[in-house]
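Okay, work-v1.txt now, which holds compact mmCIF, C-alpha atoms:
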```txt
# COMPACT_ATOMS: atom_id res chain seq x y z
CA MET P 271 4.92 -17.02 -19.16
CA THR P 272 2.06 -18.62 -17.27
CA ASP P 273 1.39 -22.24 -18.22
CA LEU P 274 -2.35 -22.29 -18.74
CA SER P 275 -2.31 -26.07 -18.96
CA ILE P 276 -2.14 -25.99 -15.16
CA PRO P 277 -5.72 -25.93 -13.83
CA MET P 278 -6.73 -22.72 -12.11
CA VAL P 279 -7.80 -22.94 -8.50
CA ARG P 280 -11.04 -21.21 -7.71
CA ALA P 281 -12.18 -20.47 -4.18
CA GLU P 282 -15.90 -19.99 -3.81
CA PRO P 283 -16.99 -18.38 -0.54
CA ALA P 284 -17.78 -21.78 0.99
CA GLU P 285 -15.20 -24.00 -0.66
CA HIS P 286 -11.90 -24.21 -2.47
CA ALA P 287 -12.09 -26.25 -5.67
CA ALA P 288 -10.21 -26.53 -8.94
CA VAL P 289 -11.89 -25.51 -12.18
CA GLU P 290 -10.94 -25.84 -15.80
CA ARG P 291 -8.81 -23.38 -17.69
CA PRO P 292 -11.13 -20.76 -19.24
CA SER P 293 -12.27 -21.57 -22.73
CA ARG P 294 -11.32 -19.53 -25.76
CA GLU P 295 -14.91 -18.36 -25.92
CA ALA P 296 -14.86 -17.21 -22.29
CA LEU P 297 -11.59 -15.33 -22.77
CA ASP P 298 -12.86 -13.59 -25.90
CA ALA P 299 -16.15 -12.68 -24.24
CA ALA P 300 -14.44 -11.24 -21.16
CA LEU P 301 -11.94 -9.28 -23.24
CA ALA P 302 -14.69 -7.98 -25.51
CA ALA P 303 -16.67 -6.79 -22.48
CA ALA P 304 -13.63 -4.98 -21.12
CA GLU P 305 -12.87 -3.41 -24.51
CA ALA P 306 -16.47 -2.20 -24.76
CA ARG P 307 -16.16 -0.62 -21.26
CA GLU P 308 -18.92 -2.85 -19.95
CA SER P 309 -18.98 -3.57 -16.23
CA ILE P 310 -17.39 -6.96 -15.73
CA ASP P 311 -18.52 -9.41 -13.07
CA ILE P 312 -16.31 -11.45 -10.79
CA ASP P 313 -16.31 -14.50 -13.08
CA GLN P 314 -15.16 -12.39 -16.02
CA ALA P 315 -12.46 -10.86 -13.80
CA VAL P 316 -11.24 -14.36 -12.90
CA THR P 317 -11.06 -15.17 -16.61
CA LEU P 318 -9.10 -11.98 -17.33
CA LEU P 319 -6.68 -12.73 -14.49
CA SER P 320 -5.61 -15.83 -16.43
CA CYS P 321 -4.60 -13.87 -19.54
CA SER P 322 -1.16 -14.36 -21.07
CA GLY P 323 0.49 -13.77 -24.44
CA ASP P 324 -1.71 -11.96 -26.96
CA ASP P 325 -4.64 -12.03 -24.53
CA LEU P 326 -2.56 -10.20 -21.95
CA ALA P 327 -1.58 -7.62 -24.56
CA ARG P 328 -5.27 -6.99 -25.30
CA LEU P 329 -5.99 -6.70 -21.59
CA GLN P 330 -3.11 -4.27 -21.06
CA SER P 331 -4.33 -2.13 -23.96
CA VAL P 332 -7.74 -1.75 -22.32
CA ALA P 333 -6.23 -0.99 -18.92
CA SER P 334 -3.72 1.57 -20.18
CA ALA P 335 -6.37 3.34 -22.29
CA MET P 336 -8.66 3.52 -19.27
CA ARG P 337 -5.82 4.98 -17.17
CA ASP P 338 -5.08 7.55 -19.86
CA GLU P 339 -8.74 8.61 -20.03
CA GLY P 340 -8.78 9.16 -16.27
CA LEU P 341 -5.61 11.26 -16.32
CA ASP P 342 -6.80 13.29 -19.31
CA ALA P 343 -10.06 14.04 -17.50
CA VAL P 344 -8.22 15.77 -14.63
CA GLY P 345 -5.65 17.57 -16.78
CA ARG P 346 -2.78 15.27 -15.87
CA SER P 347 -2.06 13.55 -19.17
CA ARG P 348 1.01 11.27 -19.28
CA GLN P 349 1.87 11.67 -15.61
CA VAL P 350 3.02 8.91 -13.27
CA THR P 351 3.21 10.20 -9.72
CA TYR P 352 5.33 9.36 -6.70
CA SER P 353 5.77 10.69 -3.16
CA ARG P 354 9.25 11.67 -1.97
CA LYS P 355 9.33 10.14 1.51
CA VAL P 356 11.40 9.18 4.49
CA PHE P 357 10.64 5.74 5.92
CA ILE P 358 10.18 5.71 9.72
CA PRO P 359 10.11 2.15 11.17
CA LEU P 360 8.68 3.20 14.54
CA THR P 361 8.83 -0.35 15.90
CA ARG P 362 9.56 -3.73 14.38
CA LEU P 363 7.63 -5.56 17.08
CA CYS P 364 4.21 -6.99 16.24
CA ARG P 365 1.64 -9.36 17.66
CA ASP P 366 1.17 -11.07 14.26
CA ARG P 367 3.20 -13.92 12.74
CA CYS P 368 2.86 -13.52 8.97
CA HIS P 369 4.81 -16.23 7.17
CA TYR P 370 6.46 -13.92 4.60
CA CYS P 371 7.55 -11.02 6.81
CA THR P 372 11.14 -10.04 7.60
CA PHE P 373 10.27 -6.60 8.97
CA VAL P 374 9.01 -7.96 12.27
CA THR P 375 11.42 -9.21 14.91
CA VAL P 376 11.44 -10.02 18.64
CA PRO P 377 12.77 -8.09 21.66
CA GLY P 378 15.75 -10.40 22.18
CA LYS P 379 17.07 -9.87 18.66
CA LEU P 380 16.73 -6.11 19.00
CA ALA P 381 18.62 -6.18 22.29
CA ARG P 382 21.44 -8.27 20.81
CA ALA P 383 21.70 -5.83 17.91
CA GLY P 384 21.87 -2.89 20.31
CA GLU P 385 18.57 -1.48 19.01
CA GLY P 386 15.65 -0.10 21.00
CA LEU P 387 12.18 -1.60 21.03
CA TYR P 388 10.87 1.61 19.46
CA LEU P 389 12.55 4.59 17.87
CA GLU P 390 12.84 7.41 20.39
CA LEU P 391 11.20 10.71 19.47
CA ASP P 392 14.54 12.40 18.82
CA GLU P 393 15.46 9.58 16.40
CA VAL P 394 12.14 10.00 14.59
CA VAL P 395 12.60 13.75 14.26
CA ASP P 396 16.21 13.35 13.12
CA LEU P 397 15.14 10.98 10.31
CA ALA P 398 12.37 13.34 9.26
CA ARG P 399 14.63 16.39 9.36
CA ARG P 400 17.25 14.72 7.17
CA GLY P 401 14.50 13.73 4.76
CA ALA P 402 13.21 17.31 4.63
CA GLU P 403 16.69 18.50 3.69
CA LEU P 404 16.50 16.18 0.66
CA GLY P 405 13.11 17.52 -0.38
CA CYS P 406 10.97 14.78 1.19
CA LYS P 407 7.41 15.75 2.07
CA GLU P 408 6.11 12.48 3.47
CA ALA P 409 7.07 10.67 6.69
CA LEU P 410 5.89 7.10 6.21
CA PHE P 411 5.31 5.49 9.59
CA THR P 412 5.44 1.71 9.37
CA LEU P 413 5.17 -0.56 12.38
CA GLY P 414 3.80 -3.82 13.69
CA ASP P 415 0.27 -4.27 14.97
CA ARG P 416 -0.22 -3.61 18.71
CA PRO P 417 3.04 -5.19 19.91
CA GLU P 418 2.23 -4.38 23.54
CA GLU P 419 -0.49 -7.05 23.44
CA ARG P 420 2.13 -9.74 22.79
CA TRP P 421 5.32 -8.39 24.36
CA PRO P 422 5.46 -7.22 28.01
CA GLU P 423 8.71 -5.43 27.13
CA ALA P 424 6.76 -3.21 24.72
CA ARG P 425 4.17 -2.39 27.39
CA GLU P 426 6.94 -1.47 29.83
CA TRP P 427 8.75 0.72 27.27
CA LEU P 428 5.56 2.65 26.49
CA ALA P 429 4.51 3.02 30.13
CA ALA P 430 7.95 4.29 31.15
CA ARG P 431 7.52 7.15 28.68
CA GLY P 432 3.92 7.91 29.59
CA TYR P 433 2.12 6.25 26.66
CA SER P 434 -0.87 3.97 27.01
CA SER P 435 -0.45 2.15 23.70
CA THR P 436 1.59 1.99 20.51
CA LEU P 437 -1.08 4.04 18.74
CA ASP P 438 -0.78 6.67 21.46
CA TYR P 439 2.95 6.83 20.72
CA VAL P 440 2.30 6.96 16.97
CA ARG P 441 0.27 10.09 17.53
CA ALA P 442 3.01 11.72 19.60
CA ALA P 443 5.63 10.87 16.99
CA ALA P 444 3.46 12.28 14.20
CA VAL P 445 3.00 15.53 16.16
CA ALA P 446 6.77 15.78 16.66
CA VAL P 447 7.42 15.33 12.93
CA LEU P 448 4.80 17.89 11.97
CA THR P 449 5.94 20.46 14.51
CA GLU P 450 9.69 20.05 14.08
CA THR P 451 10.03 19.35 10.34
CA GLY P 452 6.77 20.04 8.51
CA LEU P 453 6.80 16.62 6.84
CA LEU P 454 3.35 15.09 6.46
CA PRO P 455 2.85 11.79 8.29
CA HIS P 456 1.34 8.87 6.41
CA LEU P 457 0.41 6.32 9.06
CA ASN P 458 0.45 2.54 8.55
CA PRO P 459 -0.12 1.26 12.10
CA GLY P 460 -2.26 -1.73 11.07
CA VAL P 461 -5.74 -2.48 12.35
CA MET P 462 -7.46 0.47 14.03
CA SER P 463 -10.91 1.13 15.43
CA LEU P 464 -13.04 4.01 14.17
CA GLU P 465 -12.28 5.92 17.38
CA GLU P 466 -8.54 5.38 16.89
CA ILE P 467 -8.68 6.53 13.27
CA ARG P 468 -10.51 9.68 14.34
CA ARG P 469 -7.91 10.38 17.03
CA LEU P 470 -5.09 10.11 14.48
CA ARG P 471 -6.82 12.11 11.74
CA PRO P 472 -5.68 15.56 13.01
CA VAL P 473 -2.01 14.52 12.80
CA ALA P 474 -1.96 12.68 9.45
CA PRO P 475 -3.48 13.78 6.13
CA SER P 476 -3.53 10.17 4.95
CA MET P 477 -3.33 6.68 6.37
CA GLY P 478 -3.13 3.19 4.96
CA MET P 479 -3.47 -0.52 5.52
CA MET P 480 -3.12 -3.25 2.93
CA LEU P 481 -6.18 -5.45 2.64
CA GLU P 482 -3.81 -8.04 1.13
CA THR P 483 -6.59 -10.54 0.45
CA THR P 484 -10.19 -11.32 1.30
CA SER P 485 -9.31 -15.01 1.62
CA ARG P 486 -10.20 -16.23 5.11
CA ARG P 487 -8.78 -19.61 4.08
CA LEU P 488 -5.30 -18.06 4.24
CA PHE P 489 -6.14 -16.88 7.76
CA THR P 490 -7.98 -19.86 9.27
CA GLU P 491 -6.05 -22.86 7.86
CA LYS P 492 -2.91 -23.97 9.66
CA GLY P 493 0.19 -23.53 7.51
CA GLN P 494 -1.30 -20.69 5.48
CA PRO P 495 0.50 -17.29 5.50
CA HIS P 496 -1.88 -15.45 7.84
CA TYR P 497 -2.53 -18.27 10.29
CA GLY P 498 -1.85 -17.11 13.85
CA SER P 499 -2.05 -13.40 12.93
CA PRO P 500 -5.17 -11.88 14.53
CA ASP P 501 -4.92 -8.65 12.57
CA LYS P 502 -4.94 -10.43 9.20
CA ASP P 503 -8.55 -11.61 9.45
CA PRO P 504 -10.10 -10.17 6.26
CA ILE P 505 -13.35 -9.44 8.11
CA VAL P 506 -11.45 -7.22 10.55
CA ARG P 507 -9.44 -5.51 7.80
CA MET P 508 -12.53 -4.79 5.72
CA GLN P 509 -14.08 -3.07 8.74
CA VAL P 510 -10.99 -0.83 9.01
CA LEU P 511 -11.40 0.16 5.35
CA ARG P 512 -15.05 1.04 5.92
CA ASP P 513 -14.27 2.94 9.14
CA ALA P 514 -11.65 5.04 7.35
CA GLY P 515 -14.42 6.20 5.01
CA THR P 516 -16.66 7.07 7.93
CA ALA P 517 -13.80 9.12 9.41
CA ARG P 518 -13.18 10.88 6.06
CA VAL P 519 -9.51 9.88 5.84
CA PRO P 520 -7.78 9.57 2.44
CA PHE P 521 -6.76 5.92 2.61
CA THR P 522 -4.33 3.65 0.83
CA THR P 523 -4.96 -0.07 0.52
CA GLY P 524 -4.13 -2.88 -1.85
CA ILE P 525 -3.58 -6.56 -2.51
CA LEU P 526 -0.62 -8.93 -2.39
CA VAL P 527 -0.29 -11.13 -5.46
CA GLY P 528 1.10 -14.63 -5.07
CA ILE P 529 0.76 -15.45 -1.36
CA GLY P 530 -1.38 -18.52 -2.03
CA GLU P 531 -4.65 -16.89 -3.02
CA SER P 532 -6.66 -18.30 -5.91
CA LEU P 533 -7.63 -16.23 -8.93
CA TYR P 534 -11.17 -16.06 -7.61
CA GLU P 535 -9.92 -14.77 -4.24
CA ARG P 536 -7.73 -12.24 -6.04
CA ALA P 537 -10.70 -10.96 -8.04
CA GLU P 538 -12.89 -10.95 -4.93
CA SER P 539 -10.35 -8.74 -3.14
CA LEU P 540 -10.42 -6.17 -5.94
CA PHE P 541 -14.21 -6.09 -6.00
CA ALA P 542 -14.26 -5.68 -2.21
CA ILE P 543 -12.02 -2.60 -2.48
CA ALA P 544 -14.18 -1.22 -5.29
CA GLU P 545 -17.27 -1.61 -3.12
CA VAL P 546 -15.64 0.20 -0.20
CA GLN P 547 -14.63 3.04 -2.50
CA ALA P 548 -18.12 3.29 -3.96
CA ASP P 549 -19.52 3.67 -0.45
CA GLY P 550 -16.94 6.00 1.10
CA GLY P 551 -15.03 7.71 -1.72
CA HIS P 552 -11.89 7.68 0.44
CA VAL P 553 -9.69 5.03 -1.20
CA GLN P 554 -7.09 7.34 -2.71
CA GLU P 555 -4.87 4.67 -4.26
CA VAL P 556 -4.72 0.90 -4.58
CA ILE P 557 -1.39 -0.92 -4.44
CA VAL P 558 -0.99 -4.11 -6.43
CA GLN P 559 2.13 -5.68 -4.94
CA ASN P 560 3.90 -8.81 -6.08
CA PHE P 561 5.06 -11.36 -3.51
CA ARG P 562 8.84 -11.73 -3.21
CA ALA P 563 10.16 -14.63 -1.13
CA LYS P 564 12.68 -13.74 1.55
CA PRO P 565 15.22 -15.86 3.45
CA ASP P 566 14.53 -16.73 7.08
CA THR P 567 10.75 -16.78 6.61
CA ALA P 568 8.29 -19.66 6.53
CA MET P 569 7.61 -18.85 2.84
CA ARG P 570 11.27 -18.67 1.78
CA SER P 571 10.84 -21.53 -0.71
CA THR P 572 7.58 -20.21 -2.19
CA PRO P 573 8.12 -19.01 -5.78
CA ASP P 574 7.88 -15.29 -6.40
CA ALA P 575 4.74 -14.01 -8.07
CA GLU P 576 5.03 -14.86 -11.77
CA MET P 577 5.31 -11.69 -13.84
CA THR P 578 2.62 -12.49 -16.42
CA GLU P 579 0.17 -13.22 -13.63
CA PHE P 580 1.21 -10.04 -11.81
CA LEU P 581 0.72 -7.86 -14.90
CA ALA P 582 -2.72 -9.37 -15.45
CA ALA P 583 -3.59 -8.54 -11.83
CA VAL P 584 -2.52 -4.92 -12.33
CA ALA P 585 -4.57 -4.61 -15.51
CA VAL P 586 -7.66 -6.21 -13.97
CA ALA P 587 -7.31 -3.90 -10.95
CA ARG P 588 -7.43 -0.94 -13.31
CA ILE P 589 -10.50 -2.29 -15.09
CA VAL P 590 -12.37 -3.15 -11.88
CA LEU P 591 -11.44 0.09 -10.09
CA GLY P 592 -11.93 2.40 -13.05
CA PRO P 593 -10.14 5.30 -14.73
CA HIS P 594 -10.09 7.66 -11.74
CA MET P 595 -8.43 5.35 -9.23
CA ARG P 596 -4.69 5.71 -8.77
CA VAL P 597 -3.26 2.23 -9.25
CA GLN P 598 0.18 1.80 -7.75
CA ALA P 599 2.95 -0.79 -7.96
CA PRO P 600 6.31 -0.62 -6.12
CA PRO P 601 9.13 0.08 -8.59
CA ASN P 602 11.79 -1.56 -6.41
CA LEU P 603 10.15 -5.01 -6.60
CA VAL P 604 10.58 -5.30 -10.38
CA SER P 605 13.31 -4.78 -12.97
CA PRO P 606 13.61 -1.59 -15.07
CA ALA P 607 12.06 -3.39 -18.06
CA GLU P 608 9.21 -4.60 -15.88
CA CYS P 609 8.50 -0.99 -14.84
CA ALA P 610 7.58 -0.34 -18.47
CA ALA P 611 5.33 -3.40 -18.44
CA LEU P 612 3.57 -2.08 -15.33
CA ILE P 613 2.91 1.26 -17.02
CA ALA P 614 1.57 -0.63 -20.02
CA SER P 615 -0.77 -2.46 -17.64
CA GLY P 616 -2.41 0.70 -16.27
CA VAL P 617 -0.20 1.84 -13.39
CA ASP P 618 -0.10 5.61 -12.79
CA ASP P 619 1.67 5.87 -9.43
CA TRP P 620 4.93 4.47 -8.03
CA GLY P 621 4.07 5.18 -4.40
CA GLY P 622 6.55 6.47 -1.88
CA VAL P 623 10.21 6.50 -2.93
CA SER P 624 12.93 7.57 -0.54
CA PRO P 625 16.24 9.27 -1.36
CA LEU P 626 17.35 8.62 2.24
CA THR P 627 16.01 5.46 3.89
CA PRO P 628 15.70 1.87 2.65
CA ASP P 629 12.48 -0.04 2.13
CA HIS P 630 12.49 -1.67 5.57
CA VAL P 631 9.77 -4.13 4.52
CA ASN P 632 11.79 -5.25 1.47
CA PRO P 633 15.36 -4.42 2.52
CA GLU P 634 16.87 -6.58 -0.20
CA ARG P 635 15.20 -4.38 -2.83
CA PRO P 636 16.67 -0.83 -2.74
CA TRP P 637 14.67 2.11 -4.05
CA PRO P 638 15.60 3.20 -7.56
CA ASN P 639 17.45 6.49 -7.78
CA LEU P 640 14.86 9.17 -8.55
CA ASP P 641 16.69 10.23 -11.71
CA ALA P 642 16.74 6.60 -12.83
CA LEU P 643 13.03 6.23 -12.04
CA ALA P 644 12.29 9.39 -14.03
CA ALA P 645 14.26 7.94 -16.95
CA ARG P 646 12.40 4.62 -16.75
CA THR P 647 9.10 6.48 -16.70
CA ALA P 648 10.12 8.67 -19.65
CA GLU P 649 10.96 5.58 -21.70
CA SER P 650 7.23 4.82 -21.61
CA ASP P 651 6.45 8.40 -22.68
CA PHE P 652 5.29 9.46 -19.24
CA VAL P 653 6.57 12.17 -16.90
CA LEU P 654 7.50 11.34 -13.32
CA THR P 655 5.58 13.86 -11.20
CA GLU P 656 5.85 14.45 -7.48
CA ARG P 657 2.78 14.48 -5.23
CA ILE P 658 2.35 14.68 -1.49
CA THR P 659 1.08 11.87 0.73
CA ALA P 660 -2.57 12.73 0.04
CA GLN P 661 -3.55 12.32 -3.58
CA PRO P 662 -4.51 15.53 -5.48
CA PRO P 663 -8.34 15.20 -5.37
CA TYR P 664 -8.24 15.05 -1.58
CA VAL P 665 -5.85 17.99 -1.38
CA LEU P 666 -8.01 20.11 -3.67
CA ASP P 667 -11.12 19.26 -1.65
CA GLY P 668 -9.26 19.87 1.58
CA ALA P 669 -12.26 21.01 3.58
CA GLY P 670 -13.89 17.65 2.96
CA TRP P 671 -10.91 15.43 3.66
CA ILE P 672 -8.05 17.18 5.47
CA ASP P 673 -8.40 17.96 9.17
CA PRO P 674 -8.31 21.74 9.85
CA ALA P 675 -5.26 21.25 12.09
CA LEU P 676 -3.32 20.12 9.02
CA ALA P 677 -4.54 22.69 6.51
CA GLN P 678 -1.48 24.97 6.76
CA HIS P 679 0.93 22.03 6.67
CA VAL P 680 -0.65 20.65 3.50
CA ALA P 681 -0.89 24.09 1.89
CA ALA P 682 2.85 24.65 2.45
CA LEU P 683 3.73 21.57 0.38
CA ALA P 684 0.98 21.34 -2.25
CA ASP P 685 0.20 23.40 -5.32
CA PRO P 686 -3.24 24.99 -4.81
CA THR P 687 -4.15 24.54 -8.48
CA THR P 688 -3.07 20.94 -9.13
CA GLY P 689 -2.90 19.44 -5.64
CA LEU P 690 0.54 18.06 -6.53
CA ALA P 691 3.77 18.76 -4.65
CA VAL P 692 5.74 21.96 -4.77
CA ASP P 693 9.52 21.90 -4.46
CA THR P 694 10.61 22.95 -0.97
CA ARG P 695 14.29 22.42 -0.22
CA PRO P 696 14.98 23.14 2.57
CA ALA P 697 11.50 22.84 4.06
CA PRO P 698 9.92 26.17 5.06
CA ARG P 699 9.69 27.22 8.72
CA PRO P 700 8.24 27.84 11.22
CA TRP P 701 5.57 25.16 11.32
CA PRO P 702 2.28 25.72 13.14
CA ALA P 703 1.83 23.83 16.38
CA VAL P 704 -0.30 20.67 16.41
CA ALA P 705 -2.01 19.60 19.61
```
Representation of the structure as structure tokens:
Amino acid sequence: MTDLSIPMVRAEPAEHAAVERPSREALDAALAAAEARESIDIDQAVTLLSCSGDDLARLQSVASAMRDEGLDAVGRSRQVTYSRKVFIPLTRLCRDRCHYCTFVTVPGKLARAGEGLYLELDEVVDLARRGAELGCKEALFTLGDRPEERWPEAREWLAARGYSSTLDYVRAAAVAVLTETGLLPHLNPGVMSLEEIRRLRPVAPSMGMMLETTSRRLFTEKGQPHYGSPDKDPIVRMQVLRDAGTARVPFTTGILVGIGESLYERAESLFAIAEVQADGGHVQEVIVQNFRAKPDTAMRSTPDAEMTEFLAAVAVARIVLGPHMRVQAPPNLVSPAECAALIASGVDDWGGVSPLTPDHVNPERPWPNLDALAARTAESDFVLTERITAQPPYVLDGAGWIDPALAQHVAALADPTTGLAVDTRPAPRPWPAVA
């Protein structure tokens, strides 16, 4: 449990200063506002993020009730969704140097391991095809940010195959997956311009990029986790979120809990996402992910996110983002019992889960077996329900959100009434060509 005798750290926009533990009166007032469905402000959110014990139970009750109201309103009572995916690590090279990352490596290590700088197109298609045979519908492309701007070897690899950039290659790989397997690409290529998002839109019904945090302190101060990583500037990442709305792309984002951010910064990040969603309507799901320390990283000795604090963050995310947002937490980063606690805190989506490939970002944490995940979900009196990479509202309003080039691909995998996934094993053929 969180020791509330330890002073909270609060980061105002211009400074980083410690403040006192919230008073009993402040906790009661913030909880009462949440229970009355009043709009809470950032200071109340900070107070709620400190909840533990009976206060956390009250907070979870509000969050879970709000989640249930949102699901009931769209005819999806007691459903927790997931996307059956295959994980495609297109390249593990990156120009950033995040202090907690084990996904990213360097060209020399890849060479010594006998691995290529990028997956070749035939390797990408083979992974996707094997996933399709297991009923997967999503091809999750994960890669580092613009590695060619740091590594000449990456530039040479791309040029030798006729590609001008990593994002150019991402597009070609997405086209190959669509054309050869019918799986729907979900692209996580990092920071993109509006023009780049628009160029990728016809080959991916959804995209994503974690905001992680709005804290520039964690980016500008030497020794902090995002120092030396140009793509982790929160100002830059917020612009990507706004541009995705301009481009009408169903978009996934989220926060990391426990990377050194203060409670104020954590609350600020959630309010920033809520503001982007209010403006663009395109944030299809928000991931609340707990930090897990990994060996061979600069943050290997940093304690994992404390569970009480993590559950409070999930519940506050639900309250700030409202009943109609899909709030997601990765099931492989917690224990089976903690899955139940996440559901009690307002989660209604487990994200992508693969029956084939590991979580390459968290390789030490295997995906739960889908039958086991269904059983865990049922223990909380919910039904595990499959969706596709785009969340149901965006599928059902396809003309507004899905590029016409993808309409047949999405229709082949989604139920036209619910927008959820249909069971297709093996995947239907032939697939329409994508330019």
Report task. Please provide as a list in words all residues within 7 Å of region 411-414 of chain P, with the sequence filter that same-chain residues fewer than 3 positions apart are discarded (counting all atoms listed in the file). Result ->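 The neighbour list is Phe357, Ile358, Pro359, Leu360, Thr361, Arg362, Leu363, Cys364, Val374, Pro417, Pro455, His456, Leu457, Asn458, Pro459 and Gly460 of chain P.
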Using only C-alpha atoms, find each residue in region 495-547 of chain P having at least one atom no more than 10 Å away from region 580-587 of chain P; report its shortest atom-to-atom pair and that distance in Å (one decimal), rows by chain then rising number, as a Markdown table.
```
| residue | atom | partner | partner_atom | distance |
| --- | --- | --- | --- | --- |
| P:Gly524 | CA | P:Ala587 | CA | 9.7 |
| P:Ile525 | CA | P:Ala583 | CA | 9.5 |
| P:Leu526 | CA | P:Phe580 | CA | 9.7 |
| P:Val527 | CA | P:Phe580 | CA | 6.6 |
| P:Gly528 | CA | P:Phe580 | CA | 8.2 |
| P:Leu533 | CA | P:Ala583 | CA | 9.2 |
| P:Arg536 | CA | P:Ala583 | CA | 8.0 |
| P:Ala537 | CA | P:Val586 | CA | 8.2 |
| P:Ser539 | CA | P:Ala587 | CA | 9.7 |
| P:Leu540 | CA | P:Ala587 | CA | 6.3 |
| P:Phe541 | CA | P:Ala587 | CA | 8.8 |
| P:Ile543 | CA | P:Ala587 | CA | 9.8 |
| P:Ala544 | CA | P:Ala587 | CA | 9.3 |
```
Hey, can you spit out that residue selection with C-alpha atoms as a short mmCIF file (atom, residue, chain, number, x, y, z; two decimals), in the coordinates of the input?
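Okay, selection04.cif is ready:
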```
data_model
loop_
_atom_site.label_atom_id
_atom_site.label_comp_id
_atom_site.auth_asym_id
_atom_site.auth_seq_id
_atom_site.Cartn_x
_atom_site.Cartn_y
_atom_site.Cartn_z
CA GLY P 524 -4.13 -2.88 -1.85
CA ILE P 525 -3.58 -6.56 -2.51
CA LEU P 526 -0.62 -8.93 -2.39
CA VAL P 527 -0.29 -11.13 -5.46
CA GLY P 528 1.10 -14.63 -5.07
CA LEU P 533 -7.63 -16.23 -8.93
CA ARG P 536 -7.73 -12.24 -6.04
CA ALA P 537 -10.70 -10.96 -8.04
CA SER P 539 -10.35 -8.74 -3.14
CA LEU P 540 -10.42 -6.17 -5.94
CA PHE P 541 -14.21 -6.09 -6.00
CA ILE P 543 -12.02 -2.60 -2.48
CA ALA P 544 -14.18 -1.22 -5.29
#
```
**Report entry** Residue contacts of Arg294 (chain P) (12 Å, all atoms listed in the file) excluding same-chain residues fewer than 3 positions away, as a list of chain:residue names
**Finding:**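 Answer for this query is P:Leu274, P:Glu290, P:Arg291, P:Leu297, P:Asp298, P:Ala299, P:Ala300, P:Leu301, P:Thr317, P:Leu318, P:Ser320, P:Cys321, P:Asp325.
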Residue subset to file, keeping C-alpha atoms, as a PDB file, in the coordinates of the input:
```pdb
ATOM      1  CA  LEU P 274      -2.350 -22.290 -18.740  1.00  0.00           C
ATOM      2  CA  GLU P 290     -10.940 -25.840 -15.800  1.00  0.00           C
ATOM      3  CA  ARG P 291      -8.810 -23.380 -17.690  1.00  0.00           C
ATOM      4  CA  LEU P 297     -11.590 -15.330 -22.770  1.00  0.00           C
ATOM      5  CA  ASP P 298     -12.860 -13.590 -25.900  1.00  0.00           C
ATOM      6  CA  ALA P 299     -16.150 -12.680 -24.240  1.00  0.00           C
ATOM      7  CA  ALA P 300     -14.440 -11.240 -21.160  1.00  0.00           C
ATOM      8  CA  LEU P 301     -11.940  -9.280 -23.240  1.00  0.00           C
ATOM      9  CA  THR P 317     -11.060 -15.170 -16.610  1.00  0.00           C
ATOM     10  CA  LEU P 318      -9.100 -11.980 -17.330  1.00  0.00           C
ATOM     11  CA  SER P 320      -5.610 -15.830 -16.430  1.00  0.00           C
ATOM     12  CA  CYS P 321      -4.600 -13.870 -19.540  1.00  0.00           C
ATOM     13  CA  ASP P 325      -4.640 -12.030 -24.530  1.00  0.00           C
TER      14      ASP P 325
END
```
Query raised in the report: So what do you get for CA of Asn602 (chain P) versus CA of Leu319 (chain P), distance-wise?
Result: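 These atoms are spaced 23.0 Å apart.
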Selection near Arg365 (chain P), 12 Å with all atoms listed in the file, sequence-local residues under 4 positions removed, as a PDB file with C-alpha atoms, in the frame of the given file:
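And here is the file that came out, result.pdb:
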```pdb
ATOM      1  CA  THR P 361       8.830  -0.350  15.900  1.00  0.00           C
ATOM      2  CA  VAL P 374       9.010  -7.960  12.270  1.00  0.00           C
ATOM      3  CA  THR P 375      11.420  -9.210  14.910  1.00  0.00           C
ATOM      4  CA  VAL P 376      11.440 -10.020  18.640  1.00  0.00           C
ATOM      5  CA  PRO P 377      12.770  -8.090  21.660  1.00  0.00           C
ATOM      6  CA  LEU P 413       5.170  -0.560  12.380  1.00  0.00           C
ATOM      7  CA  GLY P 414       3.800  -3.820  13.690  1.00  0.00           C
ATOM      8  CA  ASP P 415       0.270  -4.270  14.970  1.00  0.00           C
ATOM      9  CA  ARG P 416      -0.220  -3.610  18.710  1.00  0.00           C
ATOM     10  CA  PRO P 417       3.040  -5.190  19.910  1.00  0.00           C
ATOM     11  CA  GLU P 418       2.230  -4.380  23.540  1.00  0.00           C
ATOM     12  CA  GLU P 419      -0.490  -7.050  23.440  1.00  0.00           C
ATOM     13  CA  ARG P 420       2.130  -9.740  22.790  1.00  0.00           C
ATOM     14  CA  TRP P 421       5.320  -8.390  24.360  1.00  0.00           C
ATOM     15  CA  PRO P 422       5.460  -7.220  28.010  1.00  0.00           C
ATOM     16  CA  ALA P 424       6.760  -3.210  24.720  1.00  0.00           C
ATOM     17  CA  THR P 436       1.590   1.990  20.510  1.00  0.00           C
ATOM     18  CA  GLY P 460      -2.260  -1.730  11.070  1.00  0.00           C
ATOM     19  CA  VAL P 461      -5.740  -2.480  12.350  1.00  0.00           C
ATOM     20  CA  GLY P 498      -1.850 -17.110  13.850  1.00  0.00           C
ATOM     21  CA  SER P 499      -2.050 -13.400  12.930  1.00  0.00           C
ATOM     22  CA  PRO P 500      -5.170 -11.880  14.530  1.00  0.00           C
ATOM     23  CA  ASP P 501      -4.920  -8.650  12.570  1.00  0.00           C
ATOM     24  CA  LYS P 502      -4.940 -10.430   9.200  1.00  0.00           C
TER      25      LYS P 502
END
```
